[in-house]
Amino acid sequence: MANPSPGNSITLRVEAPSSFTATSELAAAVGAAGAAITALDVTESHHETLVVDVTCNTTDDEHAARVKDALNELDGVTVQHVFDRTFLMHLGGKLEVVPKVALRNRDDLSRAYTPGVARVCLAIAEDPAAARNLTVKRNTIAVVTDGSAVLGLGNIGPAAALPVMEGKAALFKQFANVDAWPVCLDTQDTEEIIKIVKALAPVYGGVNLEDIAAPRCFEIENRLRAELDIPVFHDDQHGTAIVTLAALVNALRVVGKKLSEVRIVVSGVGAAGSAIIQLLKAQGARHIVAAGRSGAIHSGEEYSDEHRSWIAANTNEEGFSGTLHEALVEADVFIGVSAPHVMGEEQVAAMAENAIVFAMANPTPEIDPVVASKHAAVVATGRSDFPNQINNVLAFPGFFRGLLDAGASDITPDMLVAAAEAIANRVADDELNASYIIPSVFDPHVAADVATAVANAAANAAAGKTAAAADAAAQHTNLEPANA
């Protein structure tokens, strides 16, 4: 996709002849090379020369090199340095640990550390639940990965996954004031991952599983949810499903269609695709066809993967067995969580009138959104440089904020739906249009609304459990013999 992006932003330090037209000539050359200029700063001014920092967005490293060459070709111009702004942001990492309390003197030290800390340790030893109020556990989650399915990059390992996990932790803090820490594990053994996370759990109030390949991610999440007393959330599944549902609810409002009636085609049956299908089904979607690399998932074939087997049994009621492209004919909705360029303009044109296209593969979508918009009524991607960015950051910070505030120990489907509704409702009726179906990731109200919705759903779930336990106790009492 040949669109300049902030993810490939560079700053070129350029020496140019001192003249009134110097900066305009530099800007023109950058524009002619196809880059999007974002800043021009004169950093030094001499009697014969200027030193100018030219900042622009490019498409990739090769494009950046062409921009440099274009500037060097100008008379009297020399590019002294090229700085990759993305790498500069990551230099030294994106996180640090900062104490919340002042340590100014011996008095402070005696309470924060020895000897006073011993009293707090003994209080927790006597009542382990006190750790939630007396330690970082109250507001801290672990962002756990094995590096086996990072973004669209694949199995690149735990060290290479760390920049993503750092970014995730930064987003938790920025948007919901949740303290998060990367836990990148140098193993891809299911049992070992489960064992390590269980051993780490006393420090954390929740676990966010991230970028773990399917189908192992399903078993890891299920086991940890069953064996830990803190919430475990696989963001690639549930975070993606939440924001997809929120966006689809509003997109259907734009085109005047109902979830129960539209034909939906999902490309990708890994962690995200499976979770999206389950949540859409739970909300009333009735006509879904899911497609993997070999075509549509259908009940006429047996699958070794239990999640594909579930999809086969619960979708595609007509038994369609063709390709993704064939499934798209007259479809109302395309949801892509698969790979770049799996569909073209011809396939979008073959969809139903007022079609909806969610091309969410990252960093390169299933189809160029500009091309898709020629035929689809609503187009969304996972990217920040196009309208309608369907991004998990709309969900996971507020979701965990709500879980931590409620002291929740588990996650229910009602919490997922509540989060999706909170996100969708941030777009008012008078704001809703084809280019604005989902709020900005920088909307300061999103995380708070999601947190409140999740906390309320958690409270309702807890109240339901209490009522059920009371009913069971009452029934047991009524069944006891009179002389008991």
# chains A, B, ... in the order shown; residues from 1 in each chain; ligands from 1

call {"tool": "closest_atom_pairs", "arguments": {"of": "segment 333-392 of chain A", "to": "segment 410-425 of chain A", "cutoff": "12 Å", "atoms": "only C-alpha atoms", "output": "Markdown table"}}
result
| residue | atom | partner | partner_atom | distance |
| --- | --- | --- | --- | --- |
| A:Ile390 | CA | A:Ile423 | CA | 10.9 |
| A:Asn391 | CA | A:Ile423 | CA | 11.3 |
| A:Asn392 | CA | A:Ile423 | CA | 11.0 |

call {"tool": "residues_around", "arguments": {"residues": "Val144 of chain A", "least_positions_apart": "3", "cutoff": "9 Å", "atoms": "only C-alpha atoms", "output": "PyMOL selection string"}}
result
chain A and resi 165+181-185+197+207-212

call {"tool": "closest_residue", "arguments": {"among": "A:Glu306, A:Asp368, A:Asp179, A:Asp146", "to": "Phe218 of chain A", "atoms": "only C-alpha atoms"}}
result
A:Glu306

call {"tool": "residues_around", "arguments": {"residues": "Lys100 of chain A", "least_positions_apart": "2", "cutoff": "12 Å", "atoms": "only C-alpha atoms", "output": "number ranges by chain"}}
result
A: 97-98, 102-103, 112, 135-136, 179

call {"tool": "select_by_dssp", "arguments": {"residues": "segment 176-398 of chain A", "states": "strand (DSSP E)", "output": "MDAnalysis selection string"}}
result
chainID A and resid 179:184 206:209 232:234 263:267 287:292 295:296 333:336 356:359 378:381

call {"tool": "closest_residue", "arguments": {"among": "A:Ile276, A:Ala376, A:Ile311, A:Ala458", "to": "Val289 of chain A", "atoms": "only C-alpha atoms"}}
result
A:Ile311

call {"tool": "atom_distance", "arguments": {"atom1": "atom CA of Ala461 of chain A", "atom2": "atom CA of Gly402 of chain A"}}
result
13.3 Å
